[in-house]
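Trainee: Supplied structure: query.txt, compact mmCIF, C-alpha atoms.
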```txt
# COMPACT_ATOMS: atom_id res chain seq x y z
CA MET A 1 -13.18 37.97 24.00
CA THR A 2 -10.98 39.61 26.61
CA LYS A 3 -7.19 39.59 26.47
CA GLY A 4 -6.96 37.07 29.32
CA LYS A 5 -9.32 34.63 27.57
CA LYS A 6 -7.34 34.96 24.34
CA ILE A 7 -4.10 34.14 26.15
CA LEU A 8 -5.74 31.14 27.80
CA ALA A 9 -7.17 29.93 24.48
CA HIS A 10 -3.78 30.22 22.77
CA ALA A 11 -2.11 28.39 25.66
CA VAL A 12 -4.62 25.53 25.40
CA LEU A 13 -4.13 25.33 21.64
CA MET A 14 -0.35 25.29 22.00
CA LEU A 15 -0.58 22.51 24.59
CA ALA A 16 -2.91 20.49 22.35
CA SER A 17 -0.56 21.00 19.40
CA PHE A 18 2.41 19.84 21.46
CA LEU A 19 0.57 16.72 22.65
CA SER A 20 -0.38 15.94 19.04
CA VAL A 21 3.10 16.42 17.60
CA PHE A 22 5.11 14.86 20.44
CA PRO A 23 4.46 11.18 19.44
CA LEU A 24 5.71 11.95 15.93
CA TYR A 25 8.79 13.68 17.33
CA TYR A 26 9.45 10.74 19.66
CA MET A 27 9.16 8.35 16.73
CA LEU A 28 11.64 10.42 14.71
CA CYS A 29 14.09 10.46 17.60
CA GLY A 30 13.67 6.72 18.15
CA ALA A 31 14.40 5.99 14.48
CA THR A 32 17.78 7.69 14.81
CA ASN A 33 18.82 6.14 18.13
CA THR A 34 19.84 2.73 19.39
CA SER A 35 17.40 0.38 21.07
CA ILE A 36 18.91 1.14 24.48
CA ASP A 37 18.50 4.88 23.94
CA VAL A 38 14.84 4.41 23.00
CA VAL A 39 14.20 2.34 26.14
CA ARG A 40 15.87 5.03 28.24
CA GLY A 41 13.54 7.62 26.71
CA LYS A 42 16.15 9.72 24.91
CA LEU A 43 14.42 12.72 23.31
CA ILE A 44 17.31 14.00 21.20
CA PRO A 45 17.92 12.79 17.61
CA GLY A 46 20.89 10.47 17.34
CA THR A 47 23.21 9.22 14.62
CA TYR A 48 22.03 5.61 14.35
CA LEU A 49 19.59 6.05 11.45
CA VAL A 50 21.74 4.31 8.82
CA GLU A 51 22.44 1.35 11.10
CA ASN A 52 18.75 0.99 11.89
CA PHE A 53 17.91 1.05 8.19
CA LYS A 54 20.54 -1.58 7.42
CA SER A 55 19.16 -3.80 10.18
CA LEU A 56 15.62 -3.29 8.88
CA ILE A 57 16.36 -4.32 5.29
CA ALA A 58 18.51 -7.20 6.54
CA ASN A 59 15.70 -8.63 8.69
CA GLN A 60 12.66 -7.80 6.53
CA ASN A 61 11.85 -7.50 2.83
CA LEU A 62 11.05 -3.79 2.96
CA GLY A 63 10.81 -3.28 -0.82
CA LEU A 64 8.32 -6.13 -1.26
CA ALA A 65 6.17 -4.91 1.63
CA MET A 66 6.10 -1.34 0.26
CA ALA A 67 5.22 -2.56 -3.24
CA ASN A 68 2.41 -4.78 -1.95
CA SER A 69 0.99 -2.03 0.25
CA PHE A 70 1.06 0.53 -2.56
CA ARG A 71 -0.54 -1.93 -4.98
CA ASN A 72 -3.32 -2.88 -2.57
CA ALA A 73 -4.00 0.68 -1.41
CA ILE A 74 -4.05 2.19 -4.91
CA LEU A 75 -6.27 -0.55 -6.35
CA MET A 76 -8.71 -0.33 -3.44
CA THR A 77 -8.79 3.46 -3.62
CA LEU A 78 -9.50 3.60 -7.36
CA ILE A 79 -12.14 0.88 -7.34
CA THR A 80 -13.83 2.17 -4.17
CA LEU A 81 -14.05 5.72 -5.51
CA LEU A 82 -15.60 4.49 -8.75
CA VAL A 83 -18.13 2.11 -7.20
CA CYS A 84 -19.16 4.24 -4.21
CA SER A 85 -19.42 7.49 -6.19
CA ILE A 86 -21.67 5.85 -8.78
CA ALA A 87 -23.78 4.32 -5.99
CA GLY A 88 -24.07 7.58 -4.06
CA TYR A 89 -24.90 9.49 -7.23
CA GLY A 90 -27.58 6.98 -8.18
CA PHE A 91 -29.16 6.93 -4.73
CA GLU A 92 -29.68 10.70 -4.79
CA ILE A 93 -30.18 11.64 -8.44
CA TYR A 94 -32.55 8.74 -9.18
CA HIS A 95 -34.26 9.03 -5.85
CA ASP A 96 -37.26 6.91 -4.82
CA LYS A 97 -38.61 5.17 -1.70
CA ALA A 98 -37.10 1.80 -2.60
CA LYS A 99 -33.63 3.33 -2.72
CA ASP A 100 -34.25 5.00 0.64
CA ALA A 101 -35.11 1.61 2.14
CA LEU A 102 -31.98 0.07 0.62
CA MET A 103 -29.87 2.93 1.94
CA ASN A 104 -31.26 2.34 5.43
CA VAL A 105 -30.17 -1.29 5.18
CA LEU A 106 -26.68 -0.18 4.15
CA LEU A 107 -26.49 2.21 7.08
CA LEU A 108 -27.49 -0.60 9.43
CA ALA A 109 -24.59 -2.59 8.02
CA MET A 110 -22.26 0.08 9.43
CA MET A 111 -23.26 -1.10 12.91
CA LEU A 112 -21.76 -4.55 12.33
CA PRO A 113 -18.16 -4.92 13.55
CA PHE A 114 -15.77 -6.40 11.01
CA VAL A 115 -14.98 -9.36 13.26
CA ALA A 116 -18.63 -10.44 12.95
CA ILE A 117 -18.32 -10.96 9.19
CA MET A 118 -14.65 -11.89 9.03
CA ILE A 119 -15.13 -15.68 9.09
CA PRO A 120 -17.91 -15.74 6.44
CA LEU A 121 -15.80 -13.46 4.24
CA PHE A 122 -12.78 -15.71 4.55
CA LYS A 123 -14.88 -18.77 3.67
CA MET A 124 -16.18 -16.96 0.58
CA MET A 125 -12.70 -15.98 -0.54
CA SER A 126 -11.38 -19.47 0.11
CA HIS A 127 -14.27 -21.03 -1.85
CA TRP A 128 -13.58 -18.74 -4.80
CA GLY A 129 -9.85 -19.48 -4.67
CA LEU A 130 -8.90 -15.85 -3.99
CA VAL A 131 -6.76 -16.36 -0.88
CA ASN A 132 -3.30 -14.79 -1.29
CA SER A 133 -4.56 -12.49 -4.06
CA TRP A 134 -5.12 -8.74 -4.12
CA ALA A 135 -8.77 -9.38 -5.02
CA ALA A 136 -9.40 -10.97 -1.61
CA PHE A 137 -8.14 -7.79 0.03
CA VAL A 138 -10.00 -5.35 -2.21
CA LEU A 139 -13.41 -6.96 -2.79
CA PRO A 140 -14.83 -6.73 0.78
CA SER A 141 -14.16 -2.98 0.95
CA ILE A 142 -14.96 -1.60 -2.50
CA SER A 143 -18.53 -0.72 -1.52
CA THR A 144 -18.59 0.67 2.00
CA PRO A 145 -21.74 2.27 3.47
CA PHE A 146 -19.79 5.27 4.74
CA MET A 147 -18.39 6.14 1.32
CA ILE A 148 -21.76 5.65 -0.37
CA MET A 149 -23.35 7.94 2.22
CA LEU A 150 -20.58 10.52 1.72
CA PHE A 151 -21.16 10.68 -2.03
CA ARG A 152 -24.92 10.64 -1.59
CA GLN A 153 -24.74 13.65 0.72
CA ALA A 154 -22.43 15.40 -1.73
CA SER A 155 -24.83 14.68 -4.59
CA ARG A 156 -27.54 16.64 -2.80
CA SER A 157 -25.56 19.82 -3.43
CA PHE A 158 -25.00 18.96 -7.09
CA PRO A 159 -27.02 21.50 -9.17
CA ASN A 160 -29.98 19.77 -10.78
CA ASP A 161 -30.08 22.45 -13.50
CA ILE A 162 -26.78 21.12 -14.84
CA ILE A 163 -28.26 17.66 -15.21
CA GLU A 164 -31.35 18.94 -17.02
CA ALA A 165 -29.29 21.14 -19.34
CA ALA A 166 -26.94 18.27 -20.16
CA ARG A 167 -29.88 15.98 -20.96
CA LEU A 168 -31.35 18.61 -23.27
CA ASP A 169 -27.99 18.82 -25.03
CA GLY A 170 -28.11 15.06 -25.64
CA LEU A 171 -25.48 14.01 -23.12
CA SER A 172 -25.97 10.45 -21.84
CA GLU A 173 -26.41 9.64 -18.16
CA ILE A 174 -22.93 8.14 -18.05
CA GLY A 175 -21.55 11.24 -19.73
CA ILE A 176 -23.28 13.47 -17.17
CA PHE A 177 -21.65 11.53 -14.36
CA PHE A 178 -18.11 11.48 -15.74
CA ARG A 179 -18.06 14.87 -17.48
CA MET A 180 -20.18 16.91 -15.05
CA PHE A 181 -20.41 15.25 -11.64
CA VAL A 182 -16.82 14.04 -11.24
CA PRO A 183 -15.07 17.38 -12.02
CA ILE A 184 -17.47 19.41 -9.87
CA MET A 185 -17.20 17.02 -6.92
CA ARG A 186 -13.41 16.83 -6.89
CA SER A 187 -13.29 17.96 -3.22
CA THR A 188 -15.49 15.04 -2.23
CA TYR A 189 -13.29 12.70 -4.25
CA GLY A 190 -10.24 14.13 -2.48
CA ALA A 191 -11.77 13.46 0.94
CA ALA A 192 -12.87 9.96 -0.05
CA MET A 193 -9.46 9.19 -1.54
CA THR A 194 -7.70 10.29 1.64
CA VAL A 195 -9.88 8.15 3.91
CA THR A 196 -9.84 5.10 1.62
CA PHE A 197 -6.10 5.16 1.01
CA MET A 198 -5.33 5.54 4.72
CA ASN A 199 -7.70 2.70 5.66
CA ALA A 200 -6.26 0.42 2.97
CA TRP A 201 -2.65 1.23 3.83
CA ASN A 202 -3.11 0.78 7.58
CA SER A 203 -5.25 -2.35 7.34
CA TYR A 204 -3.75 -5.22 9.29
CA LEU A 205 -6.30 -7.80 10.47
CA TRP A 206 -7.89 -8.72 7.12
CA PRO A 207 -4.57 -8.85 5.15
CA LYS A 208 -3.12 -10.99 7.95
CA ILE A 209 -5.93 -13.50 7.35
CA VAL A 210 -6.09 -13.61 3.54
CA PHE A 211 -2.38 -13.12 2.79
CA GLN A 212 -0.90 -16.38 4.00
CA SER A 213 2.42 -16.28 2.17
CA ASN A 214 5.52 -14.19 2.77
CA ALA A 215 5.28 -12.85 -0.79
CA SER A 216 2.07 -10.98 0.14
CA ILE A 217 3.42 -9.16 3.19
CA THR A 218 2.30 -5.55 3.70
CA MET A 219 3.85 -2.73 5.71
CA PRO A 220 1.62 -3.12 8.83
CA MET A 221 2.41 -6.84 8.80
CA LEU A 222 6.12 -6.05 8.48
CA VAL A 223 5.96 -3.68 11.47
CA ALA A 224 4.16 -6.37 13.48
CA ASN A 225 6.93 -8.83 12.60
CA LEU A 226 9.50 -6.45 14.08
CA LYS A 227 7.91 -6.90 17.50
CA SER A 228 8.11 -10.69 17.44
CA GLY A 229 10.89 -12.66 19.05
CA TYR A 230 12.55 -12.65 22.44
CA SER A 231 14.13 -9.22 22.07
CA VAL A 232 12.93 -6.15 20.21
CA ASP A 233 15.21 -3.66 18.48
CA TYR A 234 13.22 -0.53 19.26
CA GLY A 235 15.33 1.70 17.04
CA MET A 236 14.63 -0.53 14.05
CA LEU A 237 10.97 -0.76 15.10
CA MET A 238 10.63 3.02 15.28
CA LEU A 239 12.19 3.35 11.83
CA GLY A 240 9.77 0.77 10.44
CA VAL A 241 6.81 2.64 11.93
CA LEU A 242 8.17 5.91 10.52
CA ILE A 243 8.49 4.47 7.00
CA CYS A 244 5.01 2.96 7.28
CA THR A 245 3.59 6.33 8.35
CA LEU A 246 5.16 8.49 5.63
CA PRO A 247 2.88 7.61 2.65
CA THR A 248 -0.36 8.33 4.53
CA ALA A 249 1.09 11.52 6.00
CA ILE A 250 2.11 12.74 2.54
CA ILE A 251 -1.31 11.90 1.08
CA PHE A 252 -3.08 13.75 3.87
CA LEU A 253 -0.83 16.82 3.66
CA CYS A 254 -1.31 17.03 -0.11
CA LEU A 255 -5.10 16.62 0.08
CA GLN A 256 -5.92 18.28 3.40
CA LYS A 257 -7.75 21.19 1.75
CA SER A 258 -9.82 18.87 -0.43
CA PHE A 259 -10.42 16.66 2.61
CA ALA A 260 -11.82 19.55 4.64
CA ASN A 261 -13.98 20.82 1.77
CA GLY A 262 -15.19 17.33 0.90
CA ILE A 263 -16.21 16.46 4.45
CA MET A 264 -18.16 19.73 4.66
CA GLY A 265 -19.87 18.96 1.36
CA ALA A 266 -18.41 21.91 -0.53
CA VAL A 267 -18.96 22.06 -4.29
CA LYS A 268 -16.16 23.40 -6.47
```
Please, can you express the file's structure as structure tokens?

Mentor:
Amino acid sequence: MTKGKKILAHAVLMLASFLSVFPLYYMLCGATNTSIDVVRGKLIPGTYLVENFKSLIANQNLGLAMANSFRNAILMTLITLLVCSIAGYGFEIYHDKAKDALMNVLLLAMMLPFVAIMIPLFKMMSHWGLVNSWAAFVLPSISTPFMIMLFRQASRSFPNDIIEAARLDGLSEIGIFFRMFVPIMRSTYGAAMTVTFMNAWNSYLWPKIVFQSNASITMPMLVANLKSGYSVDYGMLMLGVLICTLPTAIIFLCLQKSFANGIMGAVK
């Protein structure tokens, strides 16, 4: 690559980086400015952060929303990782034509938009008396085709010699999974945990339907409430969005290496 092409490539990358970071910077500036300053497009951090935070906790139950979101996201992440990893492991390690046919059906299910199954799901949850419970939020998403496919693809790189050696040593099939597969596939678990936690934390439509009481409010629902009414306090809104964004950003930054390795199917 010539020097001119390198300069052009670096310039394009710098521009792309700026365009990616600018919305975050604008949100940070908005969280520290008044509503009028945000509307005017002020791009310099202000001194109104404390006032915006006081207005936020005065208008919304921030602590309850954070607690509910963390509870729902953590429960969904743990249960989804367990169920989908076992399913993906079973599809590949105990491979046969029937499982291939079932996997094809699961992949077809990925083509269905959520709005197509939303009403039947709500009727099921209502019939079982699970409305306004964390179970109604978690159950529809604990076995997703994408996560099963991710773990199935990762299982293909799992050394079969380890399984045979463990069986000869008398280790049970459950022991092989938890003592051999899980530690070796930690990168895949890191990627799956990142995606699942972010999806659970940012979910809005389904919680809005099944959580019908103020005690079940989540952070995306709280942010949506900040936009209701005749006038919007954009400084408070920006702060709410910033607080809602922080947990997923921290999770991604902490697990970005595992996320990259897991998506590529690396075995550690």

Trainee: In terms of the shortest atom-to-atom distance over all atoms listed in the file, which of A:Met180, A:Leu81, A:Ile44, A:Val195 is closest to Ile162 of chain A?

Mentor: A:Met180

Trainee: Counting only C-alpha atoms, which residues in segment 55-118 of chain A sit no more than 10 Å from segment 132-147 of chain A? For each one, give the nearest pair of atoms and the distance in Å, sorted by chain then residue number, as a tab-separated table.

Mentor:
```
residue	atom	partner	partner_atom	distance
A:Asn68	CA	A:Trp134	CA	8.8
A:Arg71	CA	A:Trp134	CA	8.3
A:Asn72	CA	A:Trp134	CA	6.3
A:Ala73	CA	A:Val138	CA	8.5
A:Ile74	CA	A:Val138	CA	10.0
A:Leu75	CA	A:Val138	CA	7.4
A:Met76	CA	A:Val138	CA	5.3
A:Thr77	CA	A:Ile142	CA	8.1
A:Leu78	CA	A:Ile142	CA	9.0
A:Ile79	CA	A:Ile142	CA	6.1
A:Thr80	CA	A:Ile142	CA	4.3
A:Leu81	CA	A:Ile142	CA	8.0
A:Leu82	CA	A:Ile142	CA	8.7
A:Val83	CA	A:Ser143	CA	6.4
A:Cys84	CA	A:Ser143	CA	5.7
A:Ser85	CA	A:Met147	CA	7.7
A:Ala87	CA	A:Ser143	CA	8.5
A:Gly88	CA	A:Met147	CA	8.0
A:Met103	CA	A:Pro145	CA	8.3
A:Asn104	CA	A:Pro145	CA	9.7
A:Val105	CA	A:Pro145	CA	9.3
A:Leu106	CA	A:Pro145	CA	5.6
A:Leu107	CA	A:Pro145	CA	6.0
A:Leu108	CA	A:Pro145	CA	8.8
A:Ala109	CA	A:Pro145	CA	7.2
A:Met110	CA	A:Pro145	CA	6.4
A:Met118	CA	A:Pro140	CA	9.7
```

Trainee: Which one is closest to Met219 of chain A: A:Ser258, A:Ser35, A:Asn202, A:Thr248? Count all atoms listed in the file.

Mentor: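 For Met219 of chain A, the nearest of the candidates is A:Asn202.
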
Trainee: Using atom CA of Phe252 of chain A and atom CA of Ala200 of chain A as the two end points, give the distance in Å to one decimal.

Mentor: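 The value is 13.7 Å.
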
Trainee: Work out how far apart atom CA of Leu222 of chain A and atom CA of Asn61 of chain A are and give it in Å to one decimal.

Mentor: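 Going from atom CA of Leu222 of chain A over to atom CA of Asn61 of chain A covers 8.2 Å.
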
Trainee: Which residues, written as a list in words, have at least one atom at most 9 Å from segment 57-60 of chain A, with all atoms listed in the file counted and residues fewer than 3 positions away on the same chain left out?

Mentor: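 These residues fall inside the cut-off: Asn52, Phe53, Lys54, Gly63, Ala65, Leu222, Asn225 and Leu226 of chain A.
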
Trainee: Leaving out Gly190 of chain A and any residue of its chain fewer than 4 positions from it, which residues lie within 8 Å of it when counting all atoms listed in the file, given as a VMD selection string?

Mentor: chain A and resid 186 194 255 258 to 259 262

Trainee: Taking (-32.4, 9.2, -11.1) as a centre in this file's frame and 12 Å as the limit, can you find every polymer residue with an atom that close, using only C-alpha atoms, and give them as a list in words?

Mentor: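 Answer for this query, in the requested form: Ile86, Ala87, Gly88, Tyr89, Gly90, Phe91, Glu92, Ile93, Tyr94, His95, Asp96, Lys97, Lys99, Ser155, Asn160, Ile163, Glu164, Glu173, Ile174, Ile176 and Phe177 of chain A.
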
Trainee: Which is closest to Met185 of chain A among A:Leu150, A:Val12, A:Ala215, A:Leu242, if we use all atoms listed in the file?

Mentor: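 Among the listed residues, the smallest separation from Met185 of chain A belongs to A:Leu150.
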
Trainee: Tell me, in Å to one decimal, how far atom CA of Gly46 of chain A is from atom CA of Ala31 of chain A.

Mentor: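 About the pair atom CA of Gly46 of chain A and atom CA of Ala31 of chain A: they are 8.4 Å apart.
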